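Trainee: Provided herewith is a single structure, encoded as structure tokens, for subsequent inquiry.
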Amino acid sequence: MAFDPSSLAALSARYPAVPARLRHRLTDHPLFAIERLTALARALPQTSVEYNSGDLPIGQDPEKTPMNGLTPEETVRRIAENKSWIVLKNIEQDKDYAALLESCLADVAPIAKTATGDMHMREGFIFVSSPSSVTPFHMDPEHNILLQIKGAKDFTLFPNDSETIVSDDAHEAFHRAGGHRNLPYKKEYESLAETIDLAPGDALYVPVKTPHWVKVGPEVSISLSVTWRSKVSDAEAHLRRANGWLRAQGRTPPRPGAAPLRDRAAIFASRLAARLNRA
Ligand SMILES: [Fe+2]
């Protein structure tokens, strides 16, 4: 088992809408040794590696994110001194990491299945970060459990239903091709924030589209993200796409949840459009 059984009970009480703290047992796993991660960075296709300077403000303009001038391998190998942040994406492309991801998801599967049906798009990400580096303010489209393996992280999250923080327009832009996950940040959001401190052995369930930013502690940080999609996350994405399309036609769709029957019709239409596009 990757997670402590008692923390799975806590997840069960909160999934899918509310963040939950968990404990895991992977801190000494050999797949998180720097040499093994360096080999993974070398083996993954370029499109599966994203890295940049970790010395960033919370509200980083994605167009202006500075690079660190190194290769992915050098970035991982010298992470203690190069002030960088790197994410190794879709680690399931390597069979050892695929098995690790599946072992984590197997623990969660009974809870997820009961609440949100089958888990699909099962993807794993590993974040390797220099001391004090910042992941700017953003949101992600999937159900996510972040497992802290090495070093410490302060994970600051915000309500995912606040129109002040993320407007409906911004949600819709997120699902348009080319929309970046980074969000503009304002100091006044601070009163709505909750900061969860994560040490090795801690994990955090982050609900779909929860805005957050992350600050690494005084040592190198290594974290694993295990993610999945469900009929709930799919429906949210389809509704935002449908509403974005209507807004582009000059209409003003109701806020999600304000007209449930109409939302269901919009989700159905977006699903159908996606299927026709694929055909
Ligand atoms: Fe994130």
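Every chain in the structure tokens has a letter given in the order shown (A, B, ...), and although residue numbers restart at 1 in each chain, ligands are simply numbered from 1 in the order shown.
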Set the cut-off to 7 Å, count only C-alpha atoms and all ligand atoms, and list whatever residues fall near ligand 1 as a ChimeraX atom specification.

Mentor: /A:138-140,212

Trainee: With C-alpha atoms retained, could you export that selection as a short mmCIF file (atom, residue, chain, number, x, y, z; two decimals), in the first residue's frame?

Mentor:
data_model
loop_
_atom_site.label_atom_id
_atom_site.label_comp_id
_atom_site.auth_asym_id
_atom_site.auth_seq_id
_atom_site.Cartn_x
_atom_site.Cartn_y
_atom_site.Cartn_z
CA HIS A 138 -2.32 28.29 -11.36
CA MET A 139 -4.97 25.57 -11.50
CA ASP A 140 -5.04 22.06 -12.98
CA HIS A 212 -2.86 27.18 -5.85
#

Trainee: Find the residues around Ser133 (chain A) up to 8 Å (only C-alpha atoms counted), leave out those fewer than 2 positions away in its own chain, and share them as a ChimeraX atom specification.

Mentor: /A:54-56,83-85,129-131,135,215-217

Trainee: Go ahead and write the residues just picked, C-alpha atoms, as a PDB file, in the first residue's frame.

Mentor:
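The resulting file, result.pdb, is reproduced below:
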ATOM      1  CA  GLY A  54      12.439  28.558  -9.956  1.00  0.00           C
ATOM      2  CA  ASP A  55      13.141  32.104  -8.836  1.00  0.00           C
ATOM      3  CA  LEU A  56       9.699  33.443  -9.819  1.00  0.00           C
ATOM      4  CA  LYS A  83      17.649  27.664  -8.655  1.00  0.00           C
ATOM      5  CA  SER A  84      15.323  25.723 -10.930  1.00  0.00           C
ATOM      6  CA  TRP A  85      12.037  23.912 -11.124  1.00  0.00           C
ATOM      7  CA  SER A 129      12.738  21.845  -7.258  1.00  0.00           C
ATOM      8  CA  SER A 130      15.652  23.861  -5.929  1.00  0.00           C
ATOM      9  CA  PRO A 131      15.467  25.297  -2.401  1.00  0.00           C
ATOM     10  CA  THR A 135       5.509  27.397  -8.647  1.00  0.00           C
ATOM     11  CA  LYS A 215       6.823  27.504  -2.273  1.00  0.00           C
ATOM     12  CA  VAL A 216       9.632  25.051  -1.611  1.00  0.00           C
ATOM     13  CA  GLY A 217      11.386  25.072   1.776  1.00  0.00           C
TER      14      GLY A 217
END

Trainee: With region 31-51 of chain A as the partner and 9 Å as the cut-off, tabulate the residues of region 118-179 of chain A that qualify, each row holding the nearest pair of atoms and their distance in Å to one decimal, using only C-alpha atoms, sorted by chain and rising number, as JSON lines.

Mentor:
{"residue": "A:Ile126", "atom": "CA", "partner": "A:Leu37", "partner_atom": "CA", "distance": 8.8}
{"residue": "A:Val128", "atom": "CA", "partner": "A:Leu37", "partner_atom": "CA", "distance": 8.9}
{"residue": "A:Ile149", "atom": "CA", "partner": "A:Phe32", "partner_atom": "CA", "distance": 7.7}
{"residue": "A:Lys150", "atom": "CA", "partner": "A:Phe32", "partner_atom": "CA", "distance": 8.7}

Trainee: Let's have the selection written as a PDB file, in the first residue's frame, with C-alpha atoms.

Mentor:
ATOM      1  CA  ILE A 126       7.423  14.293 -10.683  1.00  0.00           C
ATOM      2  CA  VAL A 128      12.111  18.370  -8.673  1.00  0.00           C
ATOM      3  CA  ILE A 149       8.931  12.673  -1.014  1.00  0.00           C
ATOM      4  CA  LYS A 150      11.889  14.848  -0.035  1.00  0.00           C
TER       5      LYS A 150
END

Trainee: Would you write out, as CSV, a table of all residues in region 5-77 of chain A that have an atom no more than 9 Å from an atom of region 99-123 of chain A, listing for each the closest atom pair and the distance in Å to one decimal, considering only C-alpha atoms and ordering rows by chain and rising residue number?

Mentor:
residue,atom,partner,partner_atom,distance
A:Pro5,CA,A:Asp107,CA,8.7
A:Leu8,CA,A:Val108,CA,7.3
A:Ala9,CA,A:Ile111,CA,8.9
A:Leu11,CA,A:Ile111,CA,7.9
A:Ser12,CA,A:Ile111,CA,5.7
A:Tyr15,CA,A:Ala115,CA,7.3
A:Pro16,CA,A:Ala115,CA,7.1
A:Leu31,CA,A:Leu100,CA,8.7

Trainee: Can you tell me, as an mmCIF file with C-alpha atoms, in the first residue's frame, what residues are no more than 9 Å from Pro200 (chain A) when counting only C-alpha atoms, ignoring any on the same chain fewer than 4 positions away?

Mentor:
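Saved as part_34.cif:
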data_model
loop_
_atom_site.group_PDB
_atom_site.id
_atom_site.type_symbol
_atom_site.label_atom_id
_atom_site.label_comp_id
_atom_site.auth_asym_id
_atom_site.auth_seq_id
_atom_site.Cartn_x
_atom_site.Cartn_y
_atom_site.Cartn_z
ATOM 1 C CA HIS A 24 2.170 7.918 2.341
ATOM 2 C CA LEU A 26 7.179 6.200 -0.483
ATOM 3 C CA THR A 27 9.826 8.513 1.001
ATOM 4 C CA LEU A 147 2.978 13.131 -2.375
ATOM 5 C CA GLN A 148 5.880 14.948 -0.751
ATOM 6 C CA ILE A 149 8.931 12.673 -1.014
ATOM 7 C CA LYS A 150 11.889 14.848 -0.035
ATOM 8 C CA GLY A 151 12.225 18.365 1.409
ATOM 9 C CA ALA A 152 9.321 20.601 2.387
ATOM 10 C CA ILE A 222 10.943 16.077 -4.743
ATOM 11 C CA SER A 223 7.192 15.457 -5.110
#

Trainee: Ranking A:Ser167, A:Ser7, A:Ser53, A:Ser132 by minimum distance to Arg240 (chain A) and counting only C-alpha atoms, which one comes first?

Mentor: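 The answer is A:Ser167, which sits nearest to Arg240 (chain A).
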
Trainee: I'd like the contact shell of Phe137 (chain A) - 9 Å cut-off, only C-alpha atoms, skipping same-chain residues fewer than 3 positions apart - returned as a list in words.

Mentor: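 Here the answer would be Pro57, Ile58, Gly59, Gln60, Arg181, Asn182, Leu183, Pro184, Tyr185, Pro211, His212, Trp213 and Val214 of chain A.
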
Trainee: For N, CA and C atoms, I'd like the residues from the last selection saved as a PDB file, in the first residue's frame.

Mentor:
ATOM      1  N   PRO A  57       8.051  35.154  -9.228  1.00  0.00           N
ATOM      2  CA  PRO A  57       6.999  35.697  -8.358  1.00  0.00           C
ATOM      3  C   PRO A  57       5.770  34.787  -8.387  1.00  0.00           C
ATOM      4  N   ILE A  58       4.851  34.968  -7.434  1.00  0.00           N
ATOM      5  CA  ILE A  58       3.641  34.119  -7.381  1.00  0.00           C
ATOM      6  C   ILE A  58       2.822  34.297  -8.656  1.00  0.00           C
ATOM      7  N   GLY A  59       2.698  35.556  -9.104  1.00  0.00           N
ATOM      8  CA  GLY A  59       1.925  35.839 -10.308  1.00  0.00           C
ATOM      9  C   GLY A  59       2.857  35.979 -11.504  1.00  0.00           C
ATOM     10  N   GLN A  60       3.292  34.861 -12.061  1.00  0.00           N
ATOM     11  CA  GLN A  60       4.253  34.893 -13.170  1.00  0.00           C
ATOM     12  C   GLN A  60       3.517  34.955 -14.504  1.00  0.00           C
ATOM     13  N   ARG A 181      -2.033  27.567 -17.938  1.00  0.00           N
ATOM     14  CA  ARG A 181      -2.578  27.241 -16.616  1.00  0.00           C
ATOM     15  C   ARG A 181      -2.293  28.338 -15.587  1.00  0.00           C
ATOM     16  N   ASN A 182      -1.251  29.178 -15.816  1.00  0.00           N
ATOM     17  CA  ASN A 182      -0.974  30.239 -14.838  1.00  0.00           C
ATOM     18  C   ASN A 182      -2.110  31.258 -14.799  1.00  0.00           C
ATOM     19  N   LEU A 183      -2.359  31.785 -13.584  1.00  0.00           N
ATOM     20  CA  LEU A 183      -3.449  32.739 -13.389  1.00  0.00           C
ATOM     21  C   LEU A 183      -2.877  34.044 -12.853  1.00  0.00           C
ATOM     22  N   PRO A 184      -3.521  35.184 -13.179  1.00  0.00           N
ATOM     23  CA  PRO A 184      -3.071  36.438 -12.567  1.00  0.00           C
ATOM     24  C   PRO A 184      -3.328  36.397 -11.058  1.00  0.00           C
ATOM     25  N   TYR A 185      -2.398  36.925 -10.274  1.00  0.00           N
ATOM     26  CA  TYR A 185      -2.520  36.874  -8.808  1.00  0.00           C
ATOM     27  C   TYR A 185      -2.675  38.278  -8.240  1.00  0.00           C
ATOM     28  N   PRO A 211      -7.350  26.641  -7.398  1.00  0.00           N
ATOM     29  CA  PRO A 211      -6.204  27.532  -7.628  1.00  0.00           C
ATOM     30  C   PRO A 211      -5.172  27.369  -6.502  1.00  0.00           C
ATOM     31  N   HIS A 212      -3.896  27.349  -6.863  1.00  0.00           N
ATOM     32  CA  HIS A 212      -2.858  27.179  -5.850  1.00  0.00           C
ATOM     33  C   HIS A 212      -1.519  27.718  -6.335  1.00  0.00           C
ATOM     34  N   TRP A 213      -0.651  27.997  -5.370  1.00  0.00           N
ATOM     35  CA  TRP A 213       0.754  28.265  -5.677  1.00  0.00           C
ATOM     36  C   TRP A 213       1.585  27.564  -4.615  1.00  0.00           C
ATOM     37  N   VAL A 214       2.859  27.316  -4.938  1.00  0.00           N
ATOM     38  CA  VAL A 214       3.657  26.449  -4.076  1.00  0.00           C
ATOM     39  C   VAL A 214       5.031  27.060  -3.849  1.00  0.00           C
TER      40      VAL A 214
END

Trainee: Go through A:Leu146, A:Val166, A:Leu276, A:Val220 and flag the residue nearest Leu198 (chain A), using only C-alpha atoms for the distances.

Mentor: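 With only C-alpha atoms as the atom set, the closest residue is A:Leu146.
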
Trainee: Can you work out the spacing between CA of Pro207 (chain A) and CA of His143 (chain A) in Å, to one decimal?

Mentor: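 One can read the CA of Pro207 (chain A) to CA of His143 (chain A) distance as 5.4 Å.
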
Trainee: Select, from A:Glu188, A:Gly124, A:Arg241, A:Thr210, the residue with the minimum atom-to-atom distance to Lys95 (chain A), counting only C-alpha atoms.

Mentor: A:Gly124

Trainee: Record the distance separating CA of Asn160 (chain A) and CA of Glu142 (chain A), expressed in Å with one decimal.

Mentor: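 For CA of Asn160 (chain A) relative to CA of Glu142 (chain A), the distance reads 12.6 Å.
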
Trainee: Separation of CA of His171 (chain A) and CA of Arg247 (chain A), in Å?

Mentor: 12.1 Å

Trainee: So which residues touch Arg21 (chain A) within 8 Å, counting only C-alpha atoms, skipping near sequence neighbours fewer than 3 positions away, as a PyMOL selection string?

Mentor: chain A and resi 7+10-11+202-205

Trainee: DSSP on the backbone: which residues in region 67-232 of chain A end up as strand (DSSP E or B)? Give the answer as a PyMOL selection string.

Mentor: chain A and resi 84-89+120-129+134-138+143-150+153-157+182+194-198+202-206+212-216+221-229

Trainee: According to DSSP computed on the backbone, where in region 33-167 of chain A is there alpha helix (DSSP H)? Give the residues as a PyMOL selection string.

Mentor: chain A and resi 34-43+72-77+95-116

Trainee: Please produce an output containing C-alpha atoms for each residue in the selection, written as an mmCIF file, in the first residue's frame.

Mentor:
data_model
loop_
_atom_site.group_PDB
_atom_site.id
_atom_site.type_symbol
_atom_site.label_atom_id
_atom_site.label_comp_id
_atom_site.auth_asym_id
_atom_site.auth_seq_id
_atom_site.Cartn_x
_atom_site.Cartn_y
_atom_site.Cartn_z
ATOM 1 C CA ILE A 34 18.518 11.768 -7.964
ATOM 2 C CA GLU A 35 20.496 9.409 -10.261
ATOM 3 C CA ARG A 36 17.332 7.511 -11.209
ATOM 4 C CA LEU A 37 15.419 10.774 -11.789
ATOM 5 C CA THR A 38 18.303 12.042 -13.939
ATOM 6 C CA ALA A 39 17.981 8.895 -16.076
ATOM 7 C CA LEU A 40 14.229 9.478 -16.341
ATOM 8 C CA ALA A 41 14.782 13.109 -17.443
ATOM 9 C CA ARG A 42 17.150 11.817 -20.152
ATOM 10 C CA ALA A 43 14.784 9.058 -21.325
ATOM 11 C CA PRO A 72 16.841 18.618 -18.257
ATOM 12 C CA GLU A 73 19.455 16.119 -17.002
ATOM 13 C CA GLU A 74 21.746 18.872 -15.686
ATOM 14 C CA THR A 75 18.745 20.578 -14.130
ATOM 15 C CA VAL A 76 17.902 17.445 -12.120
ATOM 16 C CA ARG A 77 21.491 16.466 -11.293
ATOM 17 C CA LYS A 95 7.412 0.923 -16.908
ATOM 18 C CA ASP A 96 8.890 1.218 -13.388
ATOM 19 C CA TYR A 97 7.179 4.555 -12.785
ATOM 20 C CA ALA A 98 3.986 3.225 -14.416
ATOM 21 C CA ALA A 99 3.886 0.455 -11.807
ATOM 22 C CA LEU A 100 4.455 2.984 -9.015
ATOM 23 C CA LEU A 101 1.654 5.225 -10.307
ATOM 24 C CA GLU A 102 -0.729 2.282 -10.546
ATOM 25 C CA SER A 103 0.063 1.179 -6.994
ATOM 26 C CA CYS A 104 -0.887 4.660 -5.718
ATOM 27 C CA LEU A 105 -4.065 4.804 -7.801
ATOM 28 C CA ALA A 106 -5.092 1.284 -6.716
ATOM 29 C CA ASP A 107 -5.312 2.514 -3.100
ATOM 30 C CA VAL A 108 -7.598 5.374 -4.100
ATOM 31 C CA ALA A 109 -9.664 3.533 -6.733
ATOM 32 C CA PRO A 110 -12.422 2.188 -4.424
ATOM 33 C CA ILE A 111 -13.056 5.704 -3.035
ATOM 34 C CA ALA A 112 -12.960 7.360 -6.455
ATOM 35 C CA LYS A 113 -15.144 4.731 -8.102
ATOM 36 C CA THR A 114 -17.896 5.101 -5.502
ATOM 37 C CA ALA A 115 -17.982 8.899 -5.734
ATOM 38 C CA THR A 116 -17.027 9.748 -9.321
#
